[in-house]
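Quick notes on the structure that follows.
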Amino acid sequence: MERSRIVPLLVMPAMLILVEAGAVLLSLPMQEAGIAAFENPSSVVNPLIFIAILLVFTAFLLLLIRFRFRRFIGIIIGVSIFFTFIYIFGAVAYVLTPDPLLQAAAVFIPSVLATAVLYIYPEWYVIDTLGLVIAAGAASIFGVSLDILPVIILLALLAIYDAISVYKTRHMITLAEGVVDLKSPILFVIPKRRDYSYRRDGIGAVGEGERGAYIIGMGDLIMPAVLVVSANVFLQGNRIGIFTIPAIGAMAGSIAGLCALLTFVGKGKPHAGLPPINGGAILGFLAGYAITFLL
């Protein structure tokens, strides 16, 4: 395989590791700041609420695409990204300083600047760098908000939904095409060549012909990281560094699942990422959990 194809395929697993490790590091300030998506982390209703919100939000975006209101999609995504930065920088500021004025400045100013940069200059390295922060922050929020069982249920449901939406209804492909056309920063872009520019070149039609870059949805890196954080927060026992063994197992399994997925991406067709990635994370977690009983 050509070097131009090998390097991007190595970058994606590295990005997954960065998101998972970053999410774990952010989990402590998230907990100290009291930031949580759900009031009761043990409730198995939480995954159903998550899926219901996802379905409604996806349907709304598809309607906007259908009736050619794509600019509203950019606005909605921009607002969502801005508030994600608010939570991330808010948690860090809460730990760093008790002064309310300094906290407000440390939250609002970088959130505005980061969001503005993403939309003013959406080059691939800007999207990827800030995307890693967004993904780690989102995974951390949901990871500290959901206990192990709800997370496993959520990952299993999302894997099924992703497979149906890509291979059967194909509405996720329609949504991906709309997002790519807008250059909205909710995906990662990995160039195939050095002179590539996302702003100038785009990536071509999704699933058709040779593209200038690989793309992977942000959710494909966020969801396995949620399990990693949950396993690190809600399980006690043997640790290697800051990670529990089940969390390390989930990381290893998700990377294995992503590598399995990448064996198919070179064919140029879209594939559902969550079935192998989430499945690998769950299996890796179970293996790590089993190992804890042997130590």
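Here, A, B, ... name the chains of the structure tokens in the order displayed, residue numbers run from 1 inside each chain, and ligands are numbered from 1 in the same displayed order.
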
Would you list the contacts of region 33-38 of chain A as a CSV table (one decimal) with C-alpha atoms, in the first residue's frame, taking every protein, DNA or RNA residue within 7 Å and counting only C-alpha atoms, but skipping same-chain residues closer than 6 positions in sequence?
```
chain,number,residue,atom,x,y,z
A,91,ALA,CA,-15.1,22.6,33.9
A,94,TYR,CA,-13.8,25.8,37.8
A,141,ILE,CA,-19.7,14.7,29.9
A,142,PHE,CA,-21.6,11.6,28.9
A,144,VAL,CA,-19.4,10.8,33.9
A,145,SER,CA,-23.2,10.9,33.5
```

Name the residues in contact with Leu294 (chain A) at a cut-off of 12 Å, using only C-alpha atoms, excluding same-chain residues fewer than 2 positions from it; report them as an MDAnalysis selection string. chainID A and resid 237:238 245 287:292

Can you pull out every residue from region 50-289 of chain A that DSSP, working from the backbone, puts in helix (DSSP H, G or I), and format the result as a PDB file with C-alpha atoms, in the first residue's frame?
```
ATOM      1  CA  PHE A  50     -30.539   9.761  24.207  1.00  0.00           C
ATOM      2  CA  ILE A  51     -31.766   7.747  21.214  1.00  0.00           C
ATOM      3  CA  ALA A  52     -35.093   9.601  21.144  1.00  0.00           C
ATOM      4  CA  ILE A  53     -33.327  12.979  21.099  1.00  0.00           C
ATOM      5  CA  LEU A  54     -30.975  11.725  18.385  1.00  0.00           C
ATOM      6  CA  LEU A  55     -33.860  10.564  16.193  1.00  0.00           C
ATOM      7  CA  VAL A  56     -35.753  13.836  16.542  1.00  0.00           C
ATOM      8  CA  PHE A  57     -32.631  15.909  15.889  1.00  0.00           C
ATOM      9  CA  THR A  58     -31.674  13.799  12.845  1.00  0.00           C
ATOM     10  CA  ALA A  59     -35.194  14.043  11.419  1.00  0.00           C
ATOM     11  CA  PHE A  60     -35.116  17.823  11.873  1.00  0.00           C
ATOM     12  CA  LEU A  61     -31.782  18.132  10.058  1.00  0.00           C
ATOM     13  CA  LEU A  62     -32.999  15.928   7.210  1.00  0.00           C
ATOM     14  CA  LEU A  63     -36.057  18.152   6.810  1.00  0.00           C
ATOM     15  CA  LEU A  64     -33.807  21.191   6.605  1.00  0.00           C
ATOM     16  CA  ILE A  65     -31.747  19.460   3.895  1.00  0.00           C
ATOM     17  CA  ARG A  66     -34.882  18.348   2.062  1.00  0.00           C
ATOM     18  CA  ARG A  70     -28.917  24.068   4.841  1.00  0.00           C
ATOM     19  CA  ARG A  71     -27.672  27.340   6.294  1.00  0.00           C
ATOM     20  CA  PHE A  72     -29.815  26.687   9.352  1.00  0.00           C
ATOM     21  CA  ILE A  73     -27.929  23.424   9.834  1.00  0.00           C
ATOM     22  CA  GLY A  74     -24.680  25.380  10.056  1.00  0.00           C
ATOM     23  CA  ILE A  75     -26.232  27.686  12.648  1.00  0.00           C
ATOM     24  CA  ILE A  76     -27.578  24.804  14.737  1.00  0.00           C
ATOM     25  CA  ILE A  77     -24.259  22.979  14.644  1.00  0.00           C
ATOM     26  CA  GLY A  78     -22.385  26.186  15.465  1.00  0.00           C
ATOM     27  CA  VAL A  79     -24.548  26.858  18.530  1.00  0.00           C
ATOM     28  CA  SER A  80     -24.132  23.256  19.677  1.00  0.00           C
ATOM     29  CA  ILE A  81     -20.362  23.471  19.296  1.00  0.00           C
ATOM     30  CA  PHE A  82     -20.245  26.778  21.159  1.00  0.00           C
ATOM     31  CA  PHE A  83     -22.083  25.348  24.174  1.00  0.00           C
ATOM     32  CA  THR A  84     -19.877  22.259  24.129  1.00  0.00           C
ATOM     33  CA  PHE A  85     -16.864  24.549  24.423  1.00  0.00           C
ATOM     34  CA  ILE A  86     -18.652  26.395  27.237  1.00  0.00           C
ATOM     35  CA  TYR A  87     -18.955  23.151  29.221  1.00  0.00           C
ATOM     36  CA  ILE A  88     -15.378  22.080  28.497  1.00  0.00           C
ATOM     37  CA  PHE A  89     -13.713  25.381  29.352  1.00  0.00           C
ATOM     38  CA  GLY A  90     -16.164  25.866  32.217  1.00  0.00           C
ATOM     39  CA  ALA A  91     -15.062  22.642  33.884  1.00  0.00           C
ATOM     40  CA  VAL A  92     -11.384  23.505  33.483  1.00  0.00           C
ATOM     41  CA  ALA A  93     -11.897  27.081  34.719  1.00  0.00           C
ATOM     42  CA  TYR A  94     -13.816  25.822  37.761  1.00  0.00           C
ATOM     43  CA  VAL A  95     -10.792  23.790  38.827  1.00  0.00           C
ATOM     44  CA  LEU A  96      -8.199  26.448  38.030  1.00  0.00           C
ATOM     45  CA  PRO A 100     -16.258  34.104  39.188  1.00  0.00           C
ATOM     46  CA  LEU A 101     -15.021  36.907  36.910  1.00  0.00           C
ATOM     47  CA  LEU A 102     -11.906  34.998  35.907  1.00  0.00           C
ATOM     48  CA  GLN A 103     -14.015  31.892  35.369  1.00  0.00           C
ATOM     49  CA  ALA A 104     -16.403  33.792  33.109  1.00  0.00           C
ATOM     50  CA  ALA A 105     -13.541  35.218  31.062  1.00  0.00           C
ATOM     51  CA  ALA A 106     -11.766  31.851  30.865  1.00  0.00           C
ATOM     52  CA  VAL A 107     -14.963  30.255  29.580  1.00  0.00           C
ATOM     53  CA  PHE A 108     -16.546  32.814  27.272  1.00  0.00           C
ATOM     54  CA  ILE A 109     -13.495  34.192  25.446  1.00  0.00           C
ATOM     55  CA  PRO A 110     -11.918  30.870  24.322  1.00  0.00           C
ATOM     56  CA  SER A 111     -15.367  29.439  23.487  1.00  0.00           C
ATOM     57  CA  VAL A 112     -16.152  32.347  21.176  1.00  0.00           C
ATOM     58  CA  LEU A 113     -12.693  32.300  19.610  1.00  0.00           C
ATOM     59  CA  ALA A 114     -12.652  28.529  19.042  1.00  0.00           C
ATOM     60  CA  THR A 115     -16.121  28.527  17.489  1.00  0.00           C
ATOM     61  CA  ALA A 116     -15.276  31.526  15.308  1.00  0.00           C
ATOM     62  CA  VAL A 117     -12.047  29.958  14.037  1.00  0.00           C
ATOM     63  CA  LEU A 118     -13.904  26.775  13.053  1.00  0.00           C
ATOM     64  CA  TYR A 119     -16.316  28.736  10.867  1.00  0.00           C
ATOM     65  CA  ILE A 120     -14.015  31.485   9.580  1.00  0.00           C
ATOM     66  CA  TRP A 124      -8.749  20.324   7.940  1.00  0.00           C
ATOM     67  CA  TYR A 125      -6.088  20.806  10.630  1.00  0.00           C
ATOM     68  CA  VAL A 126      -8.222  23.424  12.405  1.00  0.00           C
ATOM     69  CA  ILE A 127     -11.269  21.143  12.332  1.00  0.00           C
ATOM     70  CA  ASP A 128      -9.260  18.129  13.503  1.00  0.00           C
ATOM     71  CA  THR A 129      -7.431  19.940  16.319  1.00  0.00           C
ATOM     72  CA  LEU A 130     -10.511  21.587  17.820  1.00  0.00           C
ATOM     73  CA  GLY A 131     -12.553  18.507  16.974  1.00  0.00           C
ATOM     74  CA  LEU A 132     -10.363  16.460  19.296  1.00  0.00           C
ATOM     75  CA  VAL A 133     -11.197  18.902  22.099  1.00  0.00           C
ATOM     76  CA  ILE A 134     -14.923  18.782  21.303  1.00  0.00           C
ATOM     77  CA  ALA A 135     -14.978  14.988  21.079  1.00  0.00           C
ATOM     78  CA  ALA A 136     -13.025  14.516  24.309  1.00  0.00           C
ATOM     79  CA  GLY A 137     -15.261  17.001  26.119  1.00  0.00           C
ATOM     80  CA  ALA A 138     -18.512  15.465  24.863  1.00  0.00           C
ATOM     81  CA  ALA A 139     -17.326  11.937  25.713  1.00  0.00           C
ATOM     82  CA  SER A 140     -16.310  13.094  29.169  1.00  0.00           C
ATOM     83  CA  ILE A 141     -19.698  14.688  29.865  1.00  0.00           C
ATOM     84  CA  PHE A 142     -21.639  11.579  28.899  1.00  0.00           C
ATOM     85  CA  GLY A 143     -19.085   9.238  30.465  1.00  0.00           C
ATOM     86  CA  VAL A 144     -19.436  10.795  33.928  1.00  0.00           C
ATOM     87  CA  SER A 145     -23.228  10.898  33.464  1.00  0.00           C
ATOM     88  CA  ILE A 148     -21.631   1.005  32.867  1.00  0.00           C
ATOM     89  CA  LEU A 149     -24.898  -0.778  32.025  1.00  0.00           C
ATOM     90  CA  PRO A 150     -26.625   2.279  30.481  1.00  0.00           C
ATOM     91  CA  VAL A 151     -23.506   2.973  28.414  1.00  0.00           C
ATOM     92  CA  ILE A 152     -23.354  -0.570  27.061  1.00  0.00           C
ATOM     93  CA  ILE A 153     -27.065  -0.413  26.182  1.00  0.00           C
ATOM     94  CA  LEU A 154     -26.530   2.958  24.496  1.00  0.00           C
ATOM     95  CA  LEU A 155     -23.538   1.763  22.457  1.00  0.00           C
ATOM     96  CA  ALA A 156     -25.400  -1.369  21.343  1.00  0.00           C
ATOM     97  CA  LEU A 157     -28.487   0.628  20.286  1.00  0.00           C
ATOM     98  CA  LEU A 158     -26.373   3.193  18.444  1.00  0.00           C
ATOM     99  CA  ALA A 159     -24.474   0.462  16.589  1.00  0.00           C
ATOM    100  CA  ILE A 160     -27.777  -1.026  15.382  1.00  0.00           C
ATOM    101  CA  TYR A 161     -29.116   2.406  14.453  1.00  0.00           C
ATOM    102  CA  ASP A 162     -25.924   3.305  12.583  1.00  0.00           C
ATOM    103  CA  ALA A 163     -26.033   0.098  10.548  1.00  0.00           C
ATOM    104  CA  ILE A 164     -29.693   0.630   9.609  1.00  0.00           C
ATOM    105  CA  SER A 165     -29.196   4.309   8.742  1.00  0.00           C
ATOM    106  CA  VAL A 166     -26.178   3.610   6.503  1.00  0.00           C
ATOM    107  CA  TYR A 167     -27.016   0.313   4.826  1.00  0.00           C
ATOM    108  CA  LYS A 168     -30.835   0.259   4.727  1.00  0.00           C
ATOM    109  CA  HIS A 171     -30.455   8.669   5.532  1.00  0.00           C
ATOM    110  CA  MET A 172     -27.165   8.990   7.398  1.00  0.00           C
ATOM    111  CA  ILE A 173     -25.371   9.225   4.046  1.00  0.00           C
ATOM    112  CA  THR A 174     -27.741  12.020   3.008  1.00  0.00           C
ATOM    113  CA  LEU A 175     -27.015  13.808   6.262  1.00  0.00           C
ATOM    114  CA  ALA A 176     -23.261  13.307   5.842  1.00  0.00           C
ATOM    115  CA  GLU A 177     -23.373  14.775   2.327  1.00  0.00           C
ATOM    116  CA  GLY A 178     -25.190  17.849   3.651  1.00  0.00           C
ATOM    117  CA  VAL A 179     -22.682  18.338   6.445  1.00  0.00           C
ATOM    118  CA  VAL A 180     -19.709  17.897   4.096  1.00  0.00           C
ATOM    119  CA  ASP A 181     -21.133  20.429   1.640  1.00  0.00           C
ATOM    120  CA  LEU A 182     -21.421  22.961   4.455  1.00  0.00           C
ATOM    121  CA  TYR A 198     -10.370  21.037   2.758  1.00  0.00           C
ATOM    122  CA  ARG A 199     -11.445  24.630   2.140  1.00  0.00           C
ATOM    123  CA  ARG A 200     -10.348  24.492  -1.480  1.00  0.00           C
ATOM    124  CA  ASP A 201     -10.841  20.870  -2.487  1.00  0.00           C
ATOM    125  CA  MET A 218     -17.047  12.690  15.335  1.00  0.00           C
ATOM    126  CA  GLY A 219     -19.544  10.338  16.934  1.00  0.00           C
ATOM    127  CA  ASP A 220     -17.441   7.350  15.859  1.00  0.00           C
ATOM    128  CA  LEU A 221     -14.720   8.540  18.235  1.00  0.00           C
ATOM    129  CA  ILE A 222     -16.972   9.956  20.948  1.00  0.00           C
ATOM    130  CA  MET A 223     -19.140   6.926  21.675  1.00  0.00           C
ATOM    131  CA  PRO A 224     -16.411   4.360  22.512  1.00  0.00           C
ATOM    132  CA  ALA A 225     -14.720   7.037  24.622  1.00  0.00           C
ATOM    133  CA  VAL A 226     -17.934   7.335  26.671  1.00  0.00           C
ATOM    134  CA  LEU A 227     -17.503   3.709  27.752  1.00  0.00           C
ATOM    135  CA  VAL A 228     -13.820   4.303  28.525  1.00  0.00           C
ATOM    136  CA  VAL A 229     -14.685   7.234  30.811  1.00  0.00           C
ATOM    137  CA  SER A 230     -17.567   5.386  32.474  1.00  0.00           C
ATOM    138  CA  ALA A 231     -15.342   2.364  33.157  1.00  0.00           C
ATOM    139  CA  ASN A 232     -12.744   4.691  34.642  1.00  0.00           C
ATOM    140  CA  VAL A 233     -15.191   6.643  36.812  1.00  0.00           C
ATOM    141  CA  PHE A 234     -17.655   4.049  38.064  1.00  0.00           C
ATOM    142  CA  ILE A 245      -8.081  -2.215  33.496  1.00  0.00           C
ATOM    143  CA  PRO A 246     -11.652  -2.358  32.082  1.00  0.00           C
ATOM    144  CA  ALA A 247     -11.129   1.150  30.655  1.00  0.00           C
ATOM    145  CA  ILE A 248      -7.887   0.005  29.012  1.00  0.00           C
ATOM    146  CA  GLY A 249      -9.748  -3.011  27.651  1.00  0.00           C
ATOM    147  CA  ALA A 250     -12.422  -0.740  26.165  1.00  0.00           C
ATOM    148  CA  MET A 251      -9.717   1.416  24.570  1.00  0.00           C
ATOM    149  CA  ALA A 252      -7.943  -1.591  23.072  1.00  0.00           C
ATOM    150  CA  GLY A 253     -11.209  -3.077  21.807  1.00  0.00           C
ATOM    151  CA  SER A 254     -12.340   0.170  20.194  1.00  0.00           C
ATOM    152  CA  ILE A 255      -8.996   0.550  18.429  1.00  0.00           C
ATOM    153  CA  ALA A 256      -9.242  -3.027  17.165  1.00  0.00           C
ATOM    154  CA  GLY A 257     -12.775  -2.304  15.931  1.00  0.00           C
ATOM    155  CA  LEU A 258     -11.629   0.854  14.169  1.00  0.00           C
ATOM    156  CA  CYS A 259      -8.755  -1.004  12.503  1.00  0.00           C
ATOM    157  CA  ALA A 260     -11.242  -3.612  11.284  1.00  0.00           C
ATOM    158  CA  LEU A 261     -13.375  -0.818   9.859  1.00  0.00           C
ATOM    159  CA  LEU A 262     -10.397   0.749   8.099  1.00  0.00           C
ATOM    160  CA  THR A 263      -9.792  -2.417   6.121  1.00  0.00           C
ATOM    161  CA  PHE A 264     -12.920  -1.516   4.148  1.00  0.00           C
ATOM    162  CA  VAL A 265     -12.621   2.259   3.764  1.00  0.00           C
ATOM    163  CA  LEU A 274     -20.236   2.269  15.193  1.00  0.00           C
ATOM    164  CA  PRO A 275     -20.957  -1.473  14.791  1.00  0.00           C
ATOM    165  CA  PRO A 276     -17.270  -2.522  14.752  1.00  0.00           C
ATOM    166  CA  ILE A 277     -16.011   0.313  16.975  1.00  0.00           C
ATOM    167  CA  ASN A 278     -18.705   0.074  19.661  1.00  0.00           C
ATOM    168  CA  GLY A 279     -18.699  -3.708  19.436  1.00  0.00           C
ATOM    169  CA  GLY A 280     -14.944  -3.776  19.921  1.00  0.00           C
ATOM    170  CA  ALA A 281     -15.161  -1.356  22.865  1.00  0.00           C
ATOM    171  CA  ILE A 282     -17.795  -3.491  24.597  1.00  0.00           C
ATOM    172  CA  LEU A 283     -15.875  -6.739  24.052  1.00  0.00           C
ATOM    173  CA  GLY A 284     -12.637  -5.106  25.196  1.00  0.00           C
ATOM    174  CA  PHE A 285     -14.333  -3.759  28.313  1.00  0.00           C
ATOM    175  CA  LEU A 286     -15.734  -7.199  29.168  1.00  0.00           C
ATOM    176  CA  ALA A 287     -12.287  -8.746  28.701  1.00  0.00           C
ATOM    177  CA  GLY A 288     -10.729  -6.086  30.944  1.00  0.00           C
ATOM    178  CA  TYR A 289     -13.480  -6.567  33.521  1.00  0.00           C
TER     179      TYR A 289
END
```

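Compared by their closest atoms to Val19 (chain A), and using only C-alpha atoms, the residues A:Tyr214, A:Gln31, A:Phe188, A:Thr244 rank with A:Phe188 nearest.
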
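Here the DSSP assignment of strand (DSSP E or B), based on backbone atoms, applies within region 57-288 of chain A to Leu187, Phe188, Val189, Ile190, Pro191, Ala213, Tyr214, Ile215, Ile216, Gly217, Arg239, Ile240, Phe243 and Thr244 of chain A.
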
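Across A:Ile242, A:Asp147, A:Gly217, A:Gly212, the tightest approach to Ile186 (chain A) is made by A:Gly217 when counting only C-alpha atoms.
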
Between CA of Val189 (chain A) and CA of Ala213 (chain A), what is the distance in Å, rounded to a tenth? 6.3 Å

For CA of Gly22 (chain A) and CA of Glu123 (chain A), the interatomic separation in Å (one decimal): 22.3 Å

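Using only C-alpha atoms, the nearest neighbour of Pro185 (chain A) within the list A:Pro122, A:Ser197, A:Gly241, A:Ala21 is A:Pro122.
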